[in-house]
file work.json (JSON, C-alpha atoms and all ligand atoms)
[["chain", "number", "residue", "atom", "x", "y", "z"],
["T", 1, "MET", "CA", 41.01, -108.81, 7.41],
["T", 2, "VAL", "CA", 41.99, -111.51, 4.93],
["T", 3, "TYR", "CA", 41.28, -110.53, 1.36],
["T", 4, "ARG", "CA", 38.72, -112.76, -0.41],
["T", 5, "GLY", "CA", 37.94, -112.23, -4.05],
["T", 6, "ARG", "CA", 36.35, -114.20, -6.85],
["T", 7, "PHE", "CA", 35.86, -114.65, -10.56],
["T", 8, "ALA", "CA", 32.28, -115.60, -11.37],
["T", 9, "PRO", "CA", 31.79, -116.51, -15.04],
["T", 10, "SER", "CA", 28.41, -117.45, -16.48],
["T", 11, "PRO", "CA", 28.75, -120.46, -18.78],
["T", 12, "THR", "CA", 27.08, -118.73, -21.69],
["T", 13, "GLY", "CA", 30.12, -119.26, -23.90],
["T", 14, "PRO", "CA", 33.88, -119.82, -23.73],
["T", 15, "LEU", "CA", 36.22, -117.26, -22.17],
["T", 16, "HIS", "CA", 37.32, -114.47, -24.51],
["T", 17, "ALA", "CA", 39.91, -111.71, -24.15],
["T", 18, "GLY", "CA", 37.48, -109.63, -22.05],
["T", 19, "SER", "CA", 36.69, -112.37, -19.56],
["T", 20, "ILE", "CA", 40.38, -113.28, -19.32],
["T", 21, "LEU", "CA", 41.13, -109.66, -18.42],
["T", 22, "THR", "CA", 38.59, -109.88, -15.58],
["T", 23, "ALA", "CA", 39.89, -113.24, -14.41],
["T", 24, "VAL", "CA", 43.53, -112.11, -14.48],
["T", 25, "ALA", "CA", 42.87, -108.75, -12.79],
["T", 26, "SER", "CA", 40.81, -110.29, -10.00],
["T", 27, "TYR", "CA", 43.51, -112.95, -9.52],
["T", 28, "LEU", "CA", 46.38, -110.43, -9.43],
["T", 29, "ASP", "CA", 44.50, -108.19, -7.02],
["T", 30, "ALA", "CA", 43.84, -111.12, -4.69],
["T", 31, "LYS", "CA", 47.39, -112.41, -4.84],
["T", 32, "ALA", "CA", 48.97, -108.96, -4.48],
["T", 33, "ASN", "CA", 46.94, -108.68, -1.27],
["T", 34, "ALA", "CA", 47.97, -112.14, -0.06],
["T", 35, "GLY", "CA", 44.35, -113.09, -0.49],
["T", 36, "THR", "CA", 42.15, -116.01, -1.44],
["T", 37, "TRP", "CA", 40.78, -116.19, -4.97],
["T", 38, "LEU", "CA", 37.70, -118.25, -5.80],
["T", 39, "VAL", "CA", 36.01, -119.35, -8.99],
["T", 40, "ARG", "CA", 32.22, -119.54, -8.95],
["T", 41, "ILE", "CA", 30.13, -120.79, -11.86],
["T", 42, "GLU", "CA", 27.01, -118.68, -12.32],
["T", 43, "ASP", "CA", 24.81, -121.16, -14.14],
["T", 44, "LEU", "CA", 21.41, -120.00, -12.97],
["T", 45, "ASP", "CA", 19.85, -119.20, -16.30],
["T", 46, "PRO", "CA", 19.37, -122.45, -18.29],
["T", 47, "PRO", "CA", 18.12, -120.74, -21.46],
["T", 48, "ARG", "CA", 21.40, -118.80, -21.69],
["T", 49, "ILE", "CA", 23.75, -121.63, -20.79],
["T", 50, "GLN", "CA", 25.71, -123.03, -23.70],
["T", 51, "PRO", "CA", 26.42, -126.76, -23.60],
["T", 52, "GLY", "CA", 30.12, -127.38, -23.05],
["T", 53, "ALA", "CA", 30.84, -123.78, -21.99],
["T", 54, "GLU", "CA", 31.53, -124.59, -18.36],
["T", 55, "LYS", "CA", 34.02, -127.27, -19.35],
["T", 56, "ALA", "CA", 35.70, -124.90, -21.81],
["T", 57, "ILE", "CA", 35.91, -122.15, -19.16],
["T", 58, "LEU", "CA", 37.41, -124.46, -16.56],
["T", 59, "GLU", "CA", 39.91, -125.87, -19.04],
["T", 60, "ALA", "CA", 40.94, -122.38, -20.11],
["T", 61, "LEU", "CA", 41.39, -121.26, -16.49],
["T", 62, "GLU", "CA", 43.50, -124.30, -15.79],
["T", 63, "ALA", "CA", 45.64, -123.73, -18.88],
["T", 64, "TYR", "CA", 46.11, -120.11, -17.78],
["T", 65, "GLY", "CA", 47.24, -121.30, -14.35],
["T", 66, "LEU", "CA", 44.29, -119.62, -12.66],
["T", 67, "GLU", "CA", 43.37, -122.05, -9.93],
["T", 68, "SER", "CA", 40.59, -121.50, -7.41],
["T", 69, "ASP", "CA", 41.90, -121.63, -3.85],
["T", 70, "GLU", "CA", 38.75, -123.42, -2.68],
["T", 71, "PRO", "CA", 36.39, -125.90, -4.34],
["T", 72, "ILE", "CA", 34.39, -124.33, -7.15],
["T", 73, "ILE", "CA", 30.70, -123.81, -6.42],
["T", 74, "ARG", "CA", 27.91, -123.81, -8.96],
["T", 75, "GLN", "CA", 24.84, -121.65, -8.45],
["T", 76, "SER", "CA", 22.57, -124.30, -10.01],
["T", 77, "GLN", "CA", 23.28, -126.45, -6.96],
["T", 78, "ARG", "CA", 22.35, -123.77, -4.45],
["T", 79, "LEU", "CA", 18.69, -123.15, -5.24],
["T", 80, "GLU", "CA", 17.53, -124.08, -1.74],
["T", 81, "ILE", "CA", 19.86, -121.48, -0.25],
["T", 82, "TYR", "CA", 18.47, -118.76, -2.54],
["T", 83, "GLN", "CA", 14.93, -119.88, -1.70],
["T", 84, "GLU", "CA", 15.59, -119.53, 2.04],
["T", 85, "HIS", "CA", 16.83, -115.97, 1.55],
["T", 86, "LEU", "CA", 13.90, -115.14, -0.71],
["T", 87, "ASP", "CA", 11.45, -116.52, 1.89],
["T", 88, "ARG", "CA", 13.11, -114.40, 4.55],
["T", 89, "LEU", "CA", 12.71, -111.25, 2.45],
["T", 90, "ILE", "CA", 9.02, -112.00, 1.85],
["T", 91, "ALA", "CA", 8.38, -112.91, 5.50],
["T", 92, "ASN", "CA", 9.87, -109.57, 6.56],
["T", 93, "ASP", "CA", 7.79, -107.63, 4.02],
["T", 94, "LEU", "CA", 10.93, -106.65, 2.17],
["T", 95, "ALA", "CA", 9.84, -108.33, -1.05],
["T", 96, "TYR", "CA", 6.50, -109.04, -2.67],
["T", 97, "ARG", "CA", 5.04, -111.18, -5.41],
["T", 98, "CYS", "CA", 4.66, -109.25, -8.61],
["T", 99, "SER", "CA", 3.06, -110.30, -11.86],
["T", 100, "CYS", "CA", 3.89, -107.18, -13.88],
["T", 101, "SER", "CA", 5.75, -107.64, -17.12],
["T", 102, "ARG", "CA", 8.57, -105.24, -17.82],
["T", 103, "SER", "CA", 6.43, -103.14, -20.15],
["T", 104, "GLU", "CA", 3.51, -102.98, -17.71],
["T", 105, "LEU", "CA", 5.86, -101.88, -15.03],
["T", 106, "LYS", "CA", 7.42, -99.25, -17.26],
["T", 107, "ALA", "CA", 4.00, -97.85, -18.06],
["T", 108, "ARG", "CA", 3.05, -97.81, -14.38],
["T", 109, "MET", "CA", 6.34, -96.28, -13.36],
["T", 110, "ALA", "CA", 5.70, -93.52, -15.86],
["T", 111, "LEU", "CA", 2.36, -92.76, -14.20],
["T", 112, "THR", "CA", 3.73, -92.31, -10.73],
["T", 113, "GLU", "CA", 7.35, -92.18, -9.82],
["T", 114, "TYR", "CA", 7.33, -95.17, -7.53],
["T", 115, "ASP", "CA", 4.29, -97.31, -7.99],
["T", 116, "ARG", "CA", 4.24, -100.58, -6.08],
["T", 117, "PHE", "CA", 1.22, -101.84, -7.93],
["T", 118, "CYS", "CA", 1.47, -105.49, -6.92],
["T", 119, "LEU", "CA", 2.36, -104.62, -3.34],
["T", 120, "ASN", "CA", -0.98, -102.83, -3.06],
["T", 121, "HIS", "CA", -2.87, -105.24, -5.34],
["T", 122, "PRO", "CA", -1.42, -108.68, -4.55],
["T", 123, "PRO", "CA", -1.78, -111.11, -7.46],
["T", 124, "ALA", "CA", -4.31, -113.91, -6.87],
["T", 125, "ASP", "CA", -2.97, -117.09, -5.32],
["T", 126, "GLY", "CA", -1.90, -119.57, -7.94],
["T", 127, "THR", "CA", -0.90, -116.94, -10.52],
["T", 128, "GLN", "CA", 2.58, -117.27, -11.86],
["T", 129, "THR", "CA", 4.49, -114.33, -10.39],
["T", 130, "GLY", "CA", 7.98, -113.11, -9.88],
["T", 131, "VAL", "CA", 9.18, -111.52, -6.65],
["T", 132, "ARG", "CA", 10.33, -107.94, -6.41],
["T", 133, "VAL", "CA", 12.42, -106.61, -3.56],
["T", 134, "VAL", "CA", 11.45, -103.24, -2.09],
["T", 135, "GLY", "CA", 14.10, -100.77, -3.22],
["T", 136, "GLY", "CA", 15.58, -97.98, -1.17],
["T", 137, "ALA", "CA", 18.52, -95.73, -0.58],
["T", 138, "SER", "CA", 21.92, -96.97, -1.60],
["T", 139, "PRO", "CA", 24.85, -95.01, -0.16],
["T", 140, "SER", "CA", 27.64, -93.45, -2.18],
["T", 141, "PHE", "CA", 30.74, -95.58, -2.45],
["T", 142, "SER", "CA", 34.16, -95.24, -3.92],
["T", 143, "ASP", "CA", 34.94, -97.70, -6.67],
["T", 144, "LYS", "CA", 38.63, -98.56, -6.63],
["T", 145, "VAL", "CA", 38.88, -98.09, -10.39],
["T", 146, "GLN", "CA", 35.92, -95.99, -11.47],
["T", 147, "GLY", "CA", 36.10, -93.54, -8.55],
["T", 148, "PRO", "CA", 33.30, -92.01, -6.47],
["T", 149, "GLN", "CA", 29.79, -93.28, -7.18],
["T", 150, "ALA", "CA", 26.85, -91.17, -6.06],
["T", 151, "ALA", "CA", 24.21, -92.36, -3.61],
["T", 152, "GLU", "CA", 21.01, -93.35, -5.38],
["T", 153, "THR", "CA", 17.50, -94.50, -4.74],
["T", 154, "VAL", "CA", 17.01, -97.90, -6.19],
["T", 155, "SER", "CA", 13.55, -98.84, -7.51],
["T", 156, "ASP", "CA", 11.99, -102.18, -6.59],
["T", 157, "PHE", "CA", 13.72, -104.89, -8.59],
["T", 158, "ILE", "CA", 13.26, -108.53, -9.44],
["T", 159, "VAL", "CA", 14.83, -111.22, -7.26],
["T", 160, "LEU", "CA", 12.73, -114.09, -8.61],
["T", 161, "ARG", "CA", 11.80, -113.97, -12.27],
["T", 162, "ARG", "CA", 8.30, -114.72, -13.50],
["T", 163, "ASP", "CA", 9.63, -117.88, -15.11],
["T", 164, "GLY", "CA", 10.62, -119.12, -11.64],
["T", 165, "LEU", "CA", 14.37, -118.58, -12.01],
["T", 166, "PHE", "CA", 16.27, -116.76, -9.29],
["T", 167, "ALA", "CA", 17.61, -113.44, -10.53],
["T", 168, "TYR", "CA", 21.36, -112.84, -10.79],
["T", 169, "GLN", "CA", 21.11, -110.09, -8.15],
["T", 170, "LEU", "CA", 19.87, -112.41, -5.42],
["T", 171, "ALA", "CA", 22.30, -115.23, -6.16],
["T", 172, "VAL", "CA", 25.34, -112.98, -6.42],
["T", 173, "VAL", "CA", 24.58, -111.13, -3.18],
["T", 174, "VAL", "CA", 23.89, -114.33, -1.24],
["T", 175, "ASP", "CA", 26.94, -116.14, -2.60],
["T", 176, "ASP", "CA", 29.31, -113.24, -2.05],
["T", 177, "GLU", "CA", 28.14, -113.06, 1.56],
["T", 178, "LEU", "CA", 28.27, -116.78, 2.26],
["T", 179, "GLN", "CA", 31.69, -117.07, 0.62],
["T", 180, "LEU", "CA", 32.88, -114.10, 2.72],
["T", 181, "ILE", "CA", 33.92, -112.17, -0.37],
["T", 182, "ASN", "CA", 35.16, -108.71, 0.57],
["T", 183, "SER", "CA", 36.66, -107.57, -2.74],
["T", 184, "VAL", "CA", 34.59, -107.63, -5.89],
["T", 185, "VAL", "CA", 36.72, -107.08, -8.98],
["T", 186, "ARG", "CA", 34.66, -107.43, -12.16],
["T", 187, "GLY", "CA", 33.76, -105.78, -15.45],
["T", 188, "LYS", "CA", 32.46, -102.24, -15.64],
["T", 189, "ASP", "CA", 29.27, -103.54, -17.27],
["T", 190, "LEU", "CA", 28.15, -104.47, -13.75],
["T", 191, "LEU", "CA", 28.89, -101.08, -12.16],
["T", 192, "ASN", "CA", 25.24, -100.03, -12.46],
["T", 193, "GLU", "CA", 24.11, -103.19, -10.69],
["T", 194, "THR", "CA", 26.17, -102.44, -7.61],
["T", 195, "SER", "CA", 23.72, -100.10, -5.88],
["T", 196, "LYS", "CA", 20.99, -102.72, -6.17],
["T", 197, "GLN", "CA", 23.32, -105.28, -4.68],
["T", 198, "ILE", "CA", 24.18, -102.98, -1.78],
["T", 199, "VAL", "CA", 20.46, -102.42, -1.12],
["T", 200, "LEU", "CA", 19.87, -106.16, -1.17],
["T", 201, "GLN", "CA", 22.77, -106.72, 1.23],
["T", 202, "GLN", "CA", 21.10, -104.27, 3.59],
["T", 203, "LYS", "CA", 17.67, -105.90, 3.29],
["T", 204, "LEU", "CA", 19.22, -109.27, 4.09],
["T", 205, "SER", "CA", 21.10, -107.72, 7.04],
["T", 206, "PHE", "CA", 24.43, -108.82, 5.61],
["T", 207, "SER", "CA", 27.26, -107.13, 7.41],
["T", 208, "GLN", "CA", 30.31, -108.02, 5.31],
["T", 209, "HIS", "CA", 31.73, -104.78, 3.87],
["T", 210, "LYS", "CA", 32.84, -105.03, 0.26],
["T", 211, "ASN", "CA", 35.34, -103.11, -1.77],
["T", 212, "TYR", "CA", 34.37, -102.77, -5.40],
["T", 213, "ALA", "CA", 36.62, -102.40, -8.42],
["T", 214, "HIS", "CA", 35.00, -102.25, -11.84],
["T", 215, "LEU", "CA", 37.46, -102.96, -14.61],
["T", 216, "PRO", "CA", 37.53, -101.28, -18.01],
["T", 217, "LEU", "CA", 35.96, -103.35, -20.78],
["T", 218, "ILE", "CA", 37.70, -104.51, -23.90],
["T", 219, "LEU", "CA", 35.71, -103.10, -26.77],
["T", 220, "ALA", "CA", 35.22, -104.59, -30.20],
["T", 221, "LYS", "CA", 36.08, -102.46, -33.25],
["T", 222, "ASP", "CA", 32.55, -101.05, -33.37],
["T", 223, "GLY", "CA", 32.87, -99.85, -29.78],
["T", 224, "GLN", "CA", 30.56, -102.56, -28.48],
["T", 225, "LYS", "CA", 31.56, -104.54, -25.40],
["T", 226, "LEU", "CA", 33.43, -107.67, -26.36],
["T", 227, "SER", "CA", 31.08, -110.43, -25.30],
["T", 228, "LYS", "CA", 29.89, -113.92, -25.96],
["T", 229, "GLN", "CA", 26.85, -112.32, -27.61],
["T", 230, "THR", "CA", 29.03, -110.40, -30.08],
["T", 231, "LEU", "CA", 30.77, -113.71, -30.77],
["T", 232, "ALA", "CA", 34.14, -112.71, -29.37],
["T", 233, "GLN", "CA", 36.84, -115.26, -30.22],
["T", 234, "PRO", "CA", 37.40, -117.88, -27.52],
["T", 235, "VAL", "CA", 40.90, -117.73, -26.05],
["T", 236, "SER", "CA", 43.31, -120.37, -27.29],
["T", 237, "THR", "CA", 44.94, -122.56, -24.67],
["T", 238, "SER", "CA", 48.26, -123.11, -26.43],
["T", 239, "LEU", "CA", 51.17, -122.16, -24.22],
["T", 240, "ASP", "CA", 52.55, -119.59, -26.65],
["T", 241, "HIS", "CA", 49.20, -117.95, -26.99],
["T", 242, "ILE", "CA", 48.72, -117.82, -23.21],
["T", 243, "ARG", "CA", 52.07, -116.11, -22.70],
["T", 244, "GLU", "CA", 51.22, -113.56, -25.34],
["T", 245, "SER", "CA", 47.68, -113.10, -24.06],
["T", 246, "LEU", "CA", 48.89, -112.59, -20.48],
["T", 247, "THR", "CA", 51.41, -109.95, -21.44],
["T", 248, "ASN", "CA", 48.81, -108.23, -23.65],
["T", 249, "THR", "CA", 46.37, -108.31, -20.76],
["T", 250, "PHE", "CA", 49.01, -106.86, -18.44],
["T", 251, "GLY", "CA", 49.47, -104.01, -20.92],
["T", 252, "LYS", "CA", 45.74, -103.27, -20.82],
["T", 253, "LEU", "CA", 45.95, -103.33, -17.03],
["T", 254, "ALA", "CA", 48.56, -100.54, -17.14],
["T", 255, "LEU", "CA", 51.36, -102.79, -15.92],
["T", 256, "ASN", "CA", 53.77, -101.86, -18.71],
["T", 257, "PRO", "CA", 55.26, -105.33, -19.27],
["T", 258, "PRO", "CA", 58.81, -105.49, -20.70],
["T", 259, "LYS", "CA", 59.01, -107.00, -24.19],
["T", 260, "ASP", "CA", 60.86, -110.10, -23.04],
["T", 261, "LEU", "CA", 58.31, -111.01, -20.33],
["T", 262, "ILE", "CA", 56.64, -113.18, -22.94],
["T", 263, "TYR", "CA", 59.59, -115.63, -22.91],
["T", 264, "ASN", "CA", 59.12, -116.51, -19.23],
["T", 265, "ASP", "CA", 57.23, -119.38, -17.65],
["T", 266, "ILE", "CA", 53.62, -118.59, -16.91],
["T", 267, "ILE", "CA", 54.25, -118.72, -13.19],
["T", 268, "ASP", "CA", 57.01, -116.11, -13.54],
["T", 269, "ILE", "CA", 54.79, -113.92, -15.71],
["T", 270, "TYR", "CA", 52.23, -113.90, -12.88],
["T", 271, "ARG", "CA", 54.94, -113.31, -10.30],
["T", 272, "TRP", "CA", 56.02, -110.21, -12.22],
["T", 273, "GLY", "CA", 52.38, -109.09, -12.54],
["T", 274, "ILE", "CA", 51.68, -109.54, -8.83],
["T", 275, "GLU", "CA", 54.76, -107.49, -7.90],
["T", 276, "GLN", "CA", 53.81, -104.67, -10.24],
["T", 277, "TRP", "CA", 50.07, -104.71, -9.55],
["T", 278, "LYS", "CA", 48.45, -101.39, -8.70],
["T", 279, "LEU", "CA", 44.68, -101.25, -8.85],
["T", 280, "SER", "CA", 44.71, -97.47, -8.55],
["T", 281, "LYS", "CA", 46.70, -97.17, -11.80],
["T", 282, "LEU", "CA", 44.09, -98.89, -13.92],
["T", 283, "PRO", "CA", 42.36, -96.82, -16.60],
["T", 284, "THR", "CA", 38.60, -96.39, -16.28],
["T", 285, "ASP", "CA", 38.17, -97.25, -19.97],
["T", 286, "LEU", "CA", 40.19, -98.85, -22.74],
["T", 287, "LYS", "CA", 40.54, -97.40, -26.21],
["T", 288, "VAL", "CA", 38.85, -99.24, -29.06],
["T", 301, "LIG", "N1", 28.32, -113.93, -13.81],
["T", 301, "LIG", "C1", 28.50, -112.57, -14.16],
["T", 301, "LIG", "C2", 29.01, -112.47, -15.58],
["T", 301, "LIG", "O1", 29.53, -113.43, -16.12],
["T", 301, "LIG", "C3", 29.50, -111.87, -13.25],
["T", 301, "LIG", "C4", 28.93, -111.59, -11.93],
["T", 301, "LIG", "C5", 29.80, -110.75, -11.00],
["T", 301, "LIG", "O2", 31.03, -110.74, -11.15],
["T", 301, "LIG", "O3", 29.23, -110.14, -10.11],
["T", 301, "LIG", "O4", 28.86, -111.43, -16.18]]
call {"tool": "encode", "arguments": {"input": "work.json", "output": "structure tokens", "more": "lines below"}}
Ligand code: GLU
result
Amino acid sequence: MVYRGRFAPSPTGPLHAGSILTAVASYLDAKANAGTWLVRIEDLDPPRIQPGAEKAILEALEAYGLESDEPIIRQSQRLEIYQEHLDRLIANDLAYRCSCSRSELKARMALTEYDRFCLNHPPADGTQTGVRVVGGASPSFSDKVQGPQAAETVSDFIVLRRDGLFAYQLAVVVDDELQLINSVVRGKDLLNETSKQIVLQQKLSFSQHKNYAHLPLILAKDGQKLSKQTLAQPVSTSLDHIRESLTNTFGKLALNPPKDLIYNDIIDIYRWGIEQWKLSKLPTDLKV
């Protein structure tokens, strides 16, 4: 089986040290497995998109020498594909229109463990609704970095938001399938989303098995995840900075880079990283 992995940034801000770690780790894992590495722009949520962020991300990836092996796709241009999959879920009674707000749902969930209010009381035609997929059992799986993950029962969750936007879960599951991704290497902040994604893969009868590896997150001084929201510094694209940033990133990825690695060409820095790469050696967390 040919390895196919991806890096899927949302253009909500420029890349920072945390997103570079994810990009570099997913790239090294793909290349160490003689695999294909793709870049996918997850621009589904217009209110969160920052003007110019996609351009900044693509320029940074290029400066870092991280080139997608196939043309880059953008989720904003794939709405019809998501709609087809959504229609199929609804037609097969695997998803239903739901008008509950998050707080209504919370209150209802508290009343009974698993209340499918809108499934039993369909909202009137013409009301603005979201669509919720019927949850179910998600099997245990072994994350290549975080270790064994218990089986769980996933509650019904949103695949189309009430504001008419497709939810991340639907788009990511559909795209990973259609792009034949079989290795998902991404930040640990998405570990808890994985069971939902596995359930959705099952509902859509997707057969592609996926390996998951959830990387440790770089934390800010206050212990918070470094993120665009916490205004993490964008990475600089000067050559000296990139060399330093790559060797720092390798250190975080438990590669133990020699001090003089920094003086090499970028391509040789990656070559060294690919040779040394061992997913199983990665720490589950990074120190603040
Ligand atoms: N677009 C998501 C993010 O930027 C990543 C999705 C994924 O890797 O599954 O957080």
call {"tool": "closest_residue", "arguments": {"input": "work.json", "among": "T:Asp87, T:Asp163, T:Asp43, T:Glu59", "to": "ligand LIG 301 (chain T)", "atoms": "only C-alpha atoms and all ligand atoms"}}
result
T:Asp43
call {"tool": "atom_distance", "arguments": {"input": "work.json", "atom1": "CA of Lys196 (chain T)", "atom2": "CA of Met1 (chain T)"}}
result
24.9 Å
call {"tool": "residues_near_ligand", "arguments": {"input": "work.json", "ligand": "ligand LIG 301 (chain T)", "cutoff": "7 Å", "atoms": "all atoms listed in the file", "output": "ChimeraX atom specification"}}
result
/T:7-10,42,172,186,190
call {"tool": "residues_near_point", "arguments": {"input": "work.json", "point": "(1.9, -104.7, 0.8)", "cutoff": "10 Å", "atoms": "all atoms listed in the file", "output": "JSON, numbers by chain"}}
result
{"T": [93, 94, 95, 96, 97, 116, 117, 118, 119, 120, 121, 122]}
call {"tool": "closest_residue", "arguments": {"input": "work.json", "among": "T:Ser227, T:Thr284, T:Ser207, T:Ser142", "to": "Asp176 (chain T)", "atoms": "only C-alpha atoms"}}
result
T:Ser207
call {"tool": "residues_around", "arguments": {"input": "work.json", "residues": "region 146-156 of chain T", "least_positions_apart": "6", "cutoff": "8 Å", "atoms": "all atoms listed in the file", "output": "ChimeraX atom specification"}}
result
/T:114,116,132-140,195-196,199,213-215,284
call {"tool": "closest_residue", "arguments": {"input": "work.json", "among": "T:Cys98, T:Pro11, T:Asn192, T:Asn33", "to": "Pro123 (chain T)", "atoms": "all atoms listed in the file"}}
result
T:Cys98
call {"tool": "decode", "arguments": {"input": "work.json", "residues": "region 205-224 of chain T", "atoms": "N, CA and C atoms", "output": "short mmCIF file (atom, residue, chain, number, x, y, z; two decimals), in the first residue's frame"}}
result
data_model
loop_
_atom_site.label_atom_id
_atom_site.label_comp_id
_atom_site.auth_asym_id
_atom_site.auth_seq_id
_atom_site.Cartn_x
_atom_site.Cartn_y
_atom_site.Cartn_z
N SER T 205 -19.84 4.45 4.41
CA SER T 205 -19.31 3.19 3.83
C SER T 205 -17.95 3.39 3.17
N PHE T 206 -17.12 4.22 3.77
CA PHE T 206 -15.77 4.38 3.26
C PHE T 206 -14.93 3.22 3.76
N SER T 207 -14.08 2.70 2.89
CA SER T 207 -13.38 1.48 3.27
C SER T 207 -11.91 1.71 3.58
N GLN T 208 -11.38 2.82 3.11
CA GLN T 208 -9.96 3.12 3.28
C GLN T 208 -9.56 3.11 4.77
N HIS T 209 -8.66 2.20 5.14
CA HIS T 209 -8.21 2.20 6.54
C HIS T 209 -7.20 3.33 6.75
N LYS T 210 -7.26 3.96 7.90
CA LYS T 210 -6.32 5.04 8.17
C LYS T 210 -5.51 4.77 9.43
N ASN T 211 -4.23 5.08 9.33
CA ASN T 211 -3.40 5.14 10.54
C ASN T 211 -3.46 6.57 11.06
N TYR T 212 -3.52 6.70 12.36
CA TYR T 212 -3.54 8.03 12.95
C TYR T 212 -2.31 8.25 13.82
N ALA T 213 -1.77 9.46 13.74
CA ALA T 213 -0.67 9.85 14.61
C ALA T 213 -0.95 11.28 15.05
N HIS T 214 -1.17 11.47 16.33
CA HIS T 214 -1.48 12.81 16.85
C HIS T 214 -0.26 13.37 17.58
N LEU T 215 0.25 14.44 17.01
CA LEU T 215 1.52 15.01 17.45
C LEU T 215 1.36 15.83 18.72
N PRO T 216 2.43 15.89 19.52
CA PRO T 216 2.38 16.76 20.70
C PRO T 216 2.25 18.22 20.24
N LEU T 217 1.64 19.03 21.08
CA LEU T 217 1.43 20.45 20.73
C LEU T 217 2.52 21.30 21.37
N ILE T 218 2.91 22.32 20.65
CA ILE T 218 3.82 23.30 21.27
C ILE T 218 2.96 24.21 22.13
N LEU T 219 3.35 24.36 23.36
CA LEU T 219 2.53 25.16 24.28
C LEU T 219 3.17 26.53 24.51
N ALA T 220 2.31 27.52 24.67
CA ALA T 220 2.80 28.85 25.01
C ALA T 220 3.21 28.84 26.49
N LYS T 221 3.83 29.92 26.95
CA LYS T 221 4.35 29.94 28.33
C LYS T 221 3.27 29.65 29.37
N ASP T 222 2.04 30.07 29.07
CA ASP T 222 0.96 29.86 30.04
C ASP T 222 0.36 28.46 29.94
N GLY T 223 0.98 27.60 29.12
CA GLY T 223 0.48 26.24 29.01
C GLY T 223 -0.62 26.08 27.97
N GLN T 224 -1.07 27.19 27.41
CA GLN T 224 -2.10 27.14 26.37
C GLN T 224 -1.48 26.64 25.07
#
